[in-house]
Amino acid sequence: MLKQFAPCSTLLFFLFVNPVFADTIIHAGKLIDGADGKVHEKKSIIVKSGMIVDVVNGYKNANDGDSIIDLTEHTVMPGLMDMHTHLMMQHHKKVYSDKFFLNDADFALRSTVYAKRTLMAGFTTVRDLGDNGVITVSLRKAIAAGHIIGPRIYTSGKSLATTGGHADPTNGQNGRFREDAGPESGVINGVDDARKAVRTRYKNGANLIKLT
């Protein structure tokens, strides 16, 4: 009989000790939930497997295996969303000349800093509306996999425009540097170019298309 019930006993023991089933409890001194426009005080936010499952009054005690995040001196609120950002770069006096001196790897490494900075500013979801075509899809995947810290990303990859339009990467360049930009570079002039450009972005993993 002991042998018959051994697997069940082992399973129950596993369930009780496995930290996957533990909760994270956030003690919020003040809470703005965005639902009723009020500021609530002394709340506990229950998080299980990365999802908020409950919000209760007062500061809930932890069970064995649970972890407490003490924000009793702080205000907790839902993450903000930025619907138009560019994580590949931040504007400064050399932003338009950087492309002549930096490689894709340089931009990619910088983007990890900007992504973390964006998250720490309270933005948990962003819509990236234009990069050089290779950065933010990889950044999105790395954040989702937990390799780096940053917000949830929805990205267009390289934005699209006509020759001389806002997304033409050769605008303002000396003639010696001007390439014959096409759909791969975000320049479209007609239906066939547009189809190729959109399909390329789909192939490369973009979430959306930016026309500018």
# chains A, B, ... in the order shown; residues from 1 in each chain; ligands from 1
$ residues_around --residues "Arg201 of chain A" --least-positions-apart "3" --cutoff "9 Å" --atoms "only C-alpha atoms" --output "VMD selection string"
chain A and resid 133 156 to 158 184 196 to 198 204 to 209
$ write_last_selection --atoms "N, CA and C atoms" --output "mmCIF file, in the first residue's frame"
data_model
loop_
_atom_site.group_PDB
_atom_site.id
_atom_site.type_symbol
_atom_site.label_atom_id
_atom_site.label_comp_id
_atom_site.auth_asym_id
_atom_site.auth_seq_id
_atom_site.Cartn_x
_atom_site.Cartn_y
_atom_site.Cartn_z
ATOM 1 N N GLY A 133 16.048 49.023 -38.782
ATOM 2 C CA GLY A 133 15.586 47.793 -39.405
ATOM 3 C C GLY A 133 15.982 46.524 -38.694
ATOM 4 N N SER A 156 7.787 48.645 -35.236
ATOM 5 C CA SER A 156 7.553 48.676 -36.682
ATOM 6 C C SER A 156 8.802 48.317 -37.470
ATOM 7 N N GLY A 157 9.965 48.220 -36.783
ATOM 8 C CA GLY A 157 11.208 48.110 -37.545
ATOM 9 C C GLY A 157 11.449 49.405 -38.295
ATOM 10 N N LYS A 158 12.038 49.317 -39.468
ATOM 11 C CA LYS A 158 12.304 50.519 -40.277
ATOM 12 C C LYS A 158 10.999 51.072 -40.832
ATOM 13 N N GLU A 184 13.927 47.822 -48.858
ATOM 14 C CA GLU A 184 14.657 47.305 -47.703
ATOM 15 C C GLU A 184 15.053 48.432 -46.765
ATOM 16 N N LYS A 196 6.593 44.799 -51.170
ATOM 17 C CA LYS A 196 7.875 44.194 -50.790
ATOM 18 C C LYS A 196 8.322 44.687 -49.417
ATOM 19 N N ALA A 197 8.164 45.971 -49.176
ATOM 20 C CA ALA A 197 8.596 46.545 -47.901
ATOM 21 C C ALA A 197 7.788 45.969 -46.740
ATOM 22 N N VAL A 198 6.466 45.895 -46.900
ATOM 23 C CA VAL A 198 5.613 45.375 -45.824
ATOM 24 C C VAL A 198 5.922 43.908 -45.567
ATOM 25 N N ASN A 204 10.833 39.996 -41.012
ATOM 26 C CA ASN A 204 11.837 40.348 -40.006
ATOM 27 C C ASN A 204 11.282 40.412 -38.582
ATOM 28 N N GLY A 205 9.957 40.280 -38.426
ATOM 29 C CA GLY A 205 9.383 40.210 -37.083
ATOM 30 C C GLY A 205 8.731 41.469 -36.556
ATOM 31 N N ALA A 206 8.450 42.437 -37.432
ATOM 32 C CA ALA A 206 7.788 43.662 -36.976
ATOM 33 C C ALA A 206 6.358 43.358 -36.533
ATOM 34 N N ASN A 207 5.875 44.125 -35.543
ATOM 35 C CA ASN A 207 4.501 43.979 -35.073
ATOM 36 C C ASN A 207 3.529 44.836 -35.845
ATOM 37 N N LEU A 208 4.019 45.886 -36.483
ATOM 38 C CA LEU A 208 3.164 46.858 -37.141
ATOM 39 C C LEU A 208 3.942 47.561 -38.241
ATOM 40 N N ILE A 209 3.246 48.335 -39.054
ATOM 41 C CA ILE A 209 3.878 49.077 -40.142
ATOM 42 C C ILE A 209 3.741 50.564 -39.870
#
$ residues_around --residues "Gly182 of chain A" --least-positions-apart "2" --cutoff "9 Å" --atoms "only C-alpha atoms" --output "CSV table (one decimal) with all heavy atoms, in the first residue's frame"
chain,number,residue,atom,x,y,z
A,163,THR,N,10.6,58.4,-51.7
A,163,THR,CA,11.9,59.0,-51.9
A,163,THR,C,11.8,60.5,-51.4
A,163,THR,O,10.9,61.3,-51.8
A,163,THR,CB,12.3,59.0,-53.4
A,163,THR,OG1,12.4,57.7,-53.8
A,163,THR,CG2,13.6,59.7,-53.6
A,168,ASP,N,13.3,58.4,-45.5
A,168,ASP,CA,14.4,58.2,-46.5
A,168,ASP,C,15.7,58.4,-45.8
A,168,ASP,O,16.0,59.5,-45.3
A,168,ASP,CB,14.2,59.1,-47.6
A,168,ASP,CG,15.2,58.9,-48.8
A,168,ASP,OD1,16.3,58.2,-48.5
A,168,ASP,OD2,15.0,59.3,-49.9
A,179,GLU,N,22.8,56.4,-51.2
A,179,GLU,CA,22.6,55.1,-51.8
A,179,GLU,C,21.3,55.2,-52.6
A,179,GLU,O,20.5,56.2,-52.4
A,179,GLU,CB,22.4,54.1,-50.7
A,179,GLU,CG,21.3,54.3,-49.8
A,179,GLU,CD,21.1,53.2,-48.7
A,179,GLU,OE1,20.9,52.1,-49.2
A,179,GLU,OE2,21.2,53.5,-47.5
A,180,ASP,N,21.1,54.3,-53.5
A,180,ASP,CA,19.8,54.2,-54.2
A,180,ASP,C,18.8,53.4,-53.3
A,180,ASP,O,18.6,52.2,-53.4
A,180,ASP,CB,20.0,53.5,-55.5
A,180,ASP,CG,18.7,53.4,-56.3
A,180,ASP,OD1,17.8,54.2,-56.0
A,180,ASP,OD2,18.6,52.6,-57.3
A,184,GLU,N,13.9,47.8,-48.9
A,184,GLU,CA,14.7,47.3,-47.7
A,184,GLU,C,15.1,48.4,-46.8
A,184,GLU,O,15.1,48.3,-45.5
A,184,GLU,CB,15.9,46.5,-48.2
A,184,GLU,CG,16.7,45.9,-47.0
A,184,GLU,CD,16.0,44.7,-46.4
A,184,GLU,OE1,15.2,44.1,-47.1
A,184,GLU,OE2,16.3,44.4,-45.3
A,185,SER,N,15.4,49.6,-47.3
A,185,SER,CA,15.8,50.8,-46.5
A,185,SER,C,14.6,51.6,-46.1
A,185,SER,O,14.8,52.7,-45.5
A,185,SER,CB,16.8,51.6,-47.3
A,185,SER,OG,17.9,50.8,-47.6
A,186,GLY,N,13.4,51.2,-46.5
A,186,GLY,CA,12.2,52.0,-46.1
A,186,GLY,C,11.7,53.0,-47.1
A,186,GLY,O,10.8,53.8,-46.8
A,187,VAL,N,12.2,53.0,-48.3
A,187,VAL,CA,11.8,53.9,-49.4
A,187,VAL,C,10.9,53.2,-50.4
A,187,VAL,O,11.4,52.2,-51.0
A,187,VAL,CB,13.0,54.5,-50.1
A,187,VAL,CG1,12.5,55.5,-51.2
A,187,VAL,CG2,13.8,55.3,-49.1
A,188,ILE,N,9.7,53.6,-50.5
A,188,ILE,CA,8.7,53.0,-51.5
A,188,ILE,C,8.2,54.0,-52.4
A,188,ILE,O,7.9,55.1,-52.1
A,188,ILE,CB,7.6,52.3,-50.7
A,188,ILE,CG1,6.9,53.3,-49.8
A,188,ILE,CG2,8.1,51.1,-49.9
A,188,ILE,CD1,5.7,52.7,-49.0
A,189,ASN,N,8.1,53.6,-53.7
A,189,ASN,CA,7.6,54.4,-54.7
A,189,ASN,C,6.6,53.6,-55.6
A,189,ASN,O,7.0,53.2,-56.8
A,189,ASN,CB,8.7,55.1,-55.6
A,189,ASN,CG,9.5,56.0,-54.8
A,189,ASN,OD1,9.1,57.1,-54.5
A,189,ASN,ND2,10.7,55.6,-54.4
A,193,ASP,N,6.7,48.3,-54.6
A,193,ASP,CA,7.7,48.6,-53.5
A,193,ASP,C,7.0,48.5,-52.2
A,193,ASP,O,7.6,47.9,-51.2
A,193,ASP,CB,8.2,50.0,-53.7
A,193,ASP,CG,9.3,50.2,-54.7
A,193,ASP,OD1,9.7,49.1,-55.3
A,193,ASP,OD2,9.7,51.3,-55.0
A,197,ALA,N,8.2,46.0,-49.2
A,197,ALA,CA,8.6,46.5,-47.9
A,197,ALA,C,7.8,46.0,-46.7
A,197,ALA,O,8.3,45.6,-45.7
A,197,ALA,CB,8.5,48.1,-47.9
$ select_by_dssp --residues "segment 121-189 of chain A" --states "alpha helix (DSSP H)" --output "PDB file with N, CA and C atoms, in the first residue's frame"
ATOM      1  N   ILE A 135      17.274  46.576 -34.976  1.00  0.00           N
ATOM      2  CA  ILE A 135      17.553  46.710 -33.544  1.00  0.00           C
ATOM      3  C   ILE A 135      16.387  46.279 -32.665  1.00  0.00           C
ATOM      4  N   THR A 136      15.212  46.875 -32.853  1.00  0.00           N
ATOM      5  CA  THR A 136      14.173  46.738 -31.829  1.00  0.00           C
ATOM      6  C   THR A 136      13.472  45.382 -31.833  1.00  0.00           C
ATOM      7  N   VAL A 137      13.484  44.660 -32.958  1.00  0.00           N
ATOM      8  CA  VAL A 137      12.939  43.301 -32.929  1.00  0.00           C
ATOM      9  C   VAL A 137      13.798  42.422 -32.015  1.00  0.00           C
ATOM     10  N   SER A 138      15.110  42.536 -32.166  1.00  0.00           N
ATOM     11  CA  SER A 138      16.018  41.772 -31.303  1.00  0.00           C
ATOM     12  C   SER A 138      15.922  42.234 -29.859  1.00  0.00           C
ATOM     13  N   LEU A 139      15.774  43.537 -29.655  1.00  0.00           N
ATOM     14  CA  LEU A 139      15.620  44.082 -28.306  1.00  0.00           C
ATOM     15  C   LEU A 139      14.350  43.537 -27.665  1.00  0.00           C
ATOM     16  N   ARG A 140      13.266  43.513 -28.416  1.00  0.00           N
ATOM     17  CA  ARG A 140      11.996  42.971 -27.917  1.00  0.00           C
ATOM     18  C   ARG A 140      12.157  41.516 -27.481  1.00  0.00           C
ATOM     19  N   LYS A 141      12.822  40.714 -28.303  1.00  0.00           N
ATOM     20  CA  LYS A 141      13.011  39.300 -27.988  1.00  0.00           C
ATOM     21  C   LYS A 141      13.881  39.117 -26.744  1.00  0.00           C
ATOM     22  N   ALA A 142      14.931  39.917 -26.615  1.00  0.00           N
ATOM     23  CA  ALA A 142      15.831  39.791 -25.465  1.00  0.00           C
ATOM     24  C   ALA A 142      15.133  40.160 -24.169  1.00  0.00           C
ATOM     25  N   ILE A 143      14.282  41.190 -24.213  1.00  0.00           N
ATOM     26  CA  ILE A 143      13.534  41.588 -23.028  1.00  0.00           C
ATOM     27  C   ILE A 143      12.513  40.512 -22.664  1.00  0.00           C
ATOM     28  N   ALA A 144      11.809  39.991 -23.653  1.00  0.00           N
ATOM     29  CA  ALA A 144      10.799  38.959 -23.401  1.00  0.00           C
ATOM     30  C   ALA A 144      11.422  37.692 -22.825  1.00  0.00           C
TER      31      ALA A 144
END
$ select_by_dssp --residues "segment 7-204 of chain A" --states "strand (DSSP E)" --output "PyMOL selection string"
chain A and resi 24-31+40-48+51-57+67-76+80-85+123-128+152-155
$ residues_around --residues "Tyr96 of chain A" --least-positions-apart "4" --cutoff "12 Å" --atoms "only C-alpha atoms" --output "compact mmCIF listing (two decimals) with N, CA and C atoms, in the first residue's frame"
# COMPACT_ATOMS: atom_id res chain seq x y z
N MET A 89 17.82 55.11 -30.18
CA MET A 89 18.63 56.32 -30.00
C MET A 89 17.89 57.28 -29.07
N GLN A 90 18.64 58.24 -28.56
CA GLN A 90 18.05 59.38 -27.88
C GLN A 90 18.62 60.64 -28.52
N HIS A 91 17.77 61.64 -28.63
CA HIS A 91 18.18 62.84 -29.37
C HIS A 91 19.25 63.63 -28.62
N HIS A 92 20.28 64.00 -29.35
CA HIS A 92 21.35 64.85 -28.85
C HIS A 92 21.99 65.52 -30.06
N PHE A 100 27.21 57.70 -39.24
CA PHE A 100 28.46 57.65 -40.00
C PHE A 100 29.62 57.09 -39.17
N PHE A 101 29.40 56.96 -37.87
CA PHE A 101 30.49 56.54 -36.99
C PHE A 101 30.18 55.29 -36.17
N LEU A 102 28.90 54.97 -36.03
CA LEU A 102 28.51 53.83 -35.20
C LEU A 102 28.02 52.67 -36.04
N PRO A 169 16.49 57.32 -45.60
CA PRO A 169 17.71 57.45 -44.80
C PRO A 169 18.80 58.29 -45.46
N THR A 170 18.62 58.68 -46.73
CA THR A 170 19.66 59.46 -47.42
C THR A 170 19.38 60.96 -47.38
N ASN A 171 18.30 61.37 -46.76
CA ASN A 171 17.97 62.80 -46.71
C ASN A 171 19.10 63.61 -46.09
N GLY A 172 19.44 64.71 -46.73
CA GLY A 172 20.42 65.63 -46.18
C GLY A 172 21.86 65.20 -46.29
N GLN A 173 22.13 64.08 -46.95
CA GLN A 173 23.50 63.58 -47.02
C GLN A 173 24.23 64.13 -48.25
$ closest_residue --among "A:Gly79, A:Ser44, A:Thr155, A:Pro183" --to "Met120 of chain A" --atoms "only C-alpha atoms"
A:Gly79
$ residues_around --residues "Val126 of chain A" --least-positions-apart "3" --cutoff "9 Å" --atoms "only C-alpha atoms" --output "PyMOL selection string"
chain A and resi 80-85+118+123+151-155
$ write_last_selection --atoms "all heavy atoms" --output "short mmCIF file (atom, residue, chain, number, x, y, z; two decimals), in the first residue's frame"
data_model
loop_
_atom_site.label_atom_id
_atom_site.label_comp_id
_atom_site.auth_asym_id
_atom_site.auth_seq_id
_atom_site.Cartn_x
_atom_site.Cartn_y
_atom_site.Cartn_z
N LEU A 80 2.83 52.91 -17.32
CA LEU A 80 2.47 53.84 -18.38
C LEU A 80 2.78 53.23 -19.75
O LEU A 80 3.56 52.27 -19.86
CB LEU A 80 3.24 55.15 -18.21
CG LEU A 80 3.05 55.87 -16.88
CD1 LEU A 80 4.00 57.07 -16.78
CD2 LEU A 80 1.61 56.33 -16.71
N MET A 81 2.18 53.78 -20.80
CA MET A 81 2.45 53.35 -22.17
C MET A 81 2.89 54.54 -23.01
O MET A 81 2.29 55.61 -22.94
CB MET A 81 1.19 52.73 -22.81
CG MET A 81 0.69 51.49 -22.12
SD MET A 81 -0.74 50.81 -23.02
CE MET A 81 -1.16 49.43 -21.94
N ASP A 82 3.95 54.35 -23.77
CA ASP A 82 4.42 55.38 -24.70
C ASP A 82 4.17 54.84 -26.11
O ASP A 82 4.79 53.87 -26.54
CB ASP A 82 5.91 55.64 -24.49
CG ASP A 82 6.41 56.84 -25.30
OD1 ASP A 82 5.75 57.20 -26.31
OD2 ASP A 82 7.45 57.41 -24.95
N MET A 83 3.26 55.48 -26.83
CA MET A 83 2.86 54.98 -28.14
C MET A 83 3.69 55.50 -29.30
O MET A 83 3.43 55.18 -30.45
CB MET A 83 1.38 55.31 -28.39
CG MET A 83 0.42 54.59 -27.45
SD MET A 83 0.37 52.79 -27.71
CE MET A 83 1.49 52.21 -26.42
N HIS A 84 4.71 56.30 -29.01
CA HIS A 84 5.61 56.76 -30.08
C HIS A 84 6.99 57.02 -29.47
O HIS A 84 7.25 58.08 -28.90
CB HIS A 84 5.10 58.03 -30.75
CG HIS A 84 5.87 58.39 -31.99
ND1 HIS A 84 5.28 59.01 -33.08
CD2 HIS A 84 7.16 58.19 -32.35
CE1 HIS A 84 6.19 59.20 -34.03
NE2 HIS A 84 7.35 58.72 -33.60
N THR A 85 7.85 56.03 -29.61
CA THR A 85 9.20 56.17 -29.08
C THR A 85 10.20 55.55 -30.05
O THR A 85 9.82 54.88 -31.01
CB THR A 85 9.32 55.51 -27.70
OG1 THR A 85 10.57 55.85 -27.11
CG2 THR A 85 9.21 54.00 -27.80
N THR A 118 13.77 53.65 -19.81
CA THR A 118 12.36 53.84 -20.10
C THR A 118 11.49 53.09 -19.10
O THR A 118 10.49 53.63 -18.59
CB THR A 118 12.04 53.36 -21.53
OG1 THR A 118 12.80 54.15 -22.47
CG2 THR A 118 10.57 53.50 -21.85
N PHE A 123 7.35 53.34 -17.72
CA PHE A 123 6.69 52.90 -18.96
C PHE A 123 6.92 51.40 -19.14
O PHE A 123 8.03 50.96 -19.42
CB PHE A 123 7.25 53.67 -20.16
CG PHE A 123 6.89 55.14 -20.14
CD1 PHE A 123 7.72 56.06 -19.50
CD2 PHE A 123 5.73 55.60 -20.74
CE1 PHE A 123 7.40 57.40 -19.46
CE2 PHE A 123 5.40 56.94 -20.71
CZ PHE A 123 6.23 57.85 -20.07
N PRO A 151 10.89 47.51 -21.21
CA PRO A 151 9.44 47.42 -21.31
C PRO A 151 9.01 46.42 -22.38
O PRO A 151 9.82 45.97 -23.20
CB PRO A 151 9.03 48.84 -21.71
CG PRO A 151 10.20 49.31 -22.54
CD PRO A 151 11.42 48.71 -21.90
N ARG A 152 7.74 46.09 -22.39
CA ARG A 152 7.16 45.31 -23.48
C ARG A 152 7.19 46.18 -24.74
O ARG A 152 6.79 47.35 -24.70
CB ARG A 152 5.73 44.92 -23.13
CG ARG A 152 5.02 44.06 -24.15
CD ARG A 152 3.57 43.82 -23.74
NE ARG A 152 3.48 43.09 -22.49
CZ ARG A 152 3.13 43.62 -21.33
NH1 ARG A 152 2.86 44.92 -21.25
NH2 ARG A 152 3.07 42.89 -20.24
N ILE A 153 7.64 45.63 -25.86
CA ILE A 153 7.85 46.42 -27.07
C ILE A 153 6.96 45.92 -28.20
O ILE A 153 6.89 44.72 -28.47
CB ILE A 153 9.32 46.37 -27.52
CG1 ILE A 153 10.23 47.01 -26.48
CG2 ILE A 153 9.49 47.07 -28.87
CD1 ILE A 153 11.71 46.87 -26.80
N TYR A 154 6.31 46.87 -28.87
CA TYR A 154 5.67 46.63 -30.16
C TYR A 154 6.41 47.51 -31.16
O TYR A 154 6.46 48.73 -30.99
CB TYR A 154 4.19 46.98 -30.13
CG TYR A 154 3.39 46.09 -29.20
CD1 TYR A 154 3.22 46.45 -27.85
CD2 TYR A 154 2.83 44.90 -29.64
CE1 TYR A 154 2.51 45.63 -26.99
CE2 TYR A 154 2.12 44.08 -28.78
CZ TYR A 154 1.96 44.45 -27.45
OH TYR A 154 1.27 43.63 -26.59
N THR A 155 7.01 46.90 -32.18
CA THR A 155 7.89 47.66 -33.05
C THR A 155 7.52 47.56 -34.52
O THR A 155 7.03 46.52 -34.98
CB THR A 155 9.35 47.21 -32.87
OG1 THR A 155 10.19 47.96 -33.77
CG2 THR A 155 9.51 45.73 -33.16
#
$ atom_distance --atom1 "atom CA of Lys60 of chain A" --atom2 "atom CA of Thr24 of chain A"
10.7 Å
$ closest_residue --among "A:Asn174, A:Ala22, A:Ala145, A:Ala167" --to "Ser97 of chain A" --atoms "only C-alpha atoms"
A:Asn174
$ closest_atom_pairs --of "segment 64-144 of chain A" --to "segment 29-36 of chain A" --cutoff "7 Å" --atoms "only C-alpha atoms" --output "CSV"
residue,atom,partner,partner_atom,distance
A:Leu71,CA,A:Gly29,CA,6.1
A:Thr72,CA,A:Gly29,CA,3.8
A:Glu73,CA,A:Gly29,CA,5.4
A:His74,CA,A:Gly29,CA,5.5
A:Thr75,CA,A:Lys30,CA,4.5
A:Val76,CA,A:Leu31,CA,4.8
A:Met77,CA,A:Ile32,CA,4.8
A:Pro78,CA,A:Asp33,CA,6.3
$ write_last_selection --atoms "N, CA, C and O atoms" --output "PDB file, in the first residue's frame"
ATOM      1  N   LEU A  71       6.686  48.514  -0.343  1.00  0.00           N
ATOM      2  CA  LEU A  71       6.526  49.838  -0.938  1.00  0.00           C
ATOM      3  C   LEU A  71       5.551  50.667  -0.094  1.00  0.00           C
ATOM      4  O   LEU A  71       4.788  51.464  -0.626  1.00  0.00           O
ATOM      5  N   THR A  72       5.619  50.451   1.211  1.00  0.00           N
ATOM      6  CA  THR A  72       4.699  51.135   2.111  1.00  0.00           C
ATOM      7  C   THR A  72       4.934  52.643   2.154  1.00  0.00           C
ATOM      8  O   THR A  72       4.052  53.394   2.569  1.00  0.00           O
ATOM      9  N   GLU A  73       6.113  53.070   1.726  1.00  0.00           N
ATOM     10  CA  GLU A  73       6.416  54.508   1.702  1.00  0.00           C
ATOM     11  C   GLU A  73       6.279  55.086   0.293  1.00  0.00           C
ATOM     12  O   GLU A  73       6.715  56.212   0.034  1.00  0.00           O
ATOM     13  N   HIS A  74       5.663  54.329  -0.598  1.00  0.00           N
ATOM     14  CA  HIS A  74       5.591  54.740  -1.999  1.00  0.00           C
ATOM     15  C   HIS A  74       4.168  54.625  -2.538  1.00  0.00           C
ATOM     16  O   HIS A  74       3.286  54.036  -1.908  1.00  0.00           O
ATOM     17  N   THR A  75       3.965  55.178  -3.727  1.00  0.00           N
ATOM     18  CA  THR A  75       2.700  55.065  -4.449  1.00  0.00           C
ATOM     19  C   THR A  75       2.880  54.103  -5.617  1.00  0.00           C
ATOM     20  O   THR A  75       3.835  54.226  -6.389  1.00  0.00           O
ATOM     21  N   VAL A  76       1.974  53.139  -5.730  1.00  0.00           N
ATOM     22  CA  VAL A  76       2.024  52.141  -6.802  1.00  0.00           C
ATOM     23  C   VAL A  76       0.894  52.436  -7.789  1.00  0.00           C
ATOM     24  O   VAL A  76      -0.229  52.750  -7.381  1.00  0.00           O
ATOM     25  N   MET A  77       1.192  52.333  -9.067  1.00  0.00           N
ATOM     26  CA  MET A  77       0.184  52.594 -10.096  1.00  0.00           C
ATOM     27  C   MET A  77       0.456  51.714 -11.307  1.00  0.00           C
ATOM     28  O   MET A  77       1.554  51.153 -11.444  1.00  0.00           O
ATOM     29  N   PRO A  78      -0.522  51.542 -12.198  1.00  0.00           N
ATOM     30  CA  PRO A  78      -0.289  50.748 -13.409  1.00  0.00           C
ATOM     31  C   PRO A  78       0.826  51.354 -14.261  1.00  0.00           C
ATOM     32  O   PRO A  78       1.074  52.567 -14.225  1.00  0.00           O
TER      33      PRO A  78
END
$ atom_distance --atom1 "atom CA of Asn132 of chain A" --atom2 "atom CA of Thr200 of chain A"
13.4 Å
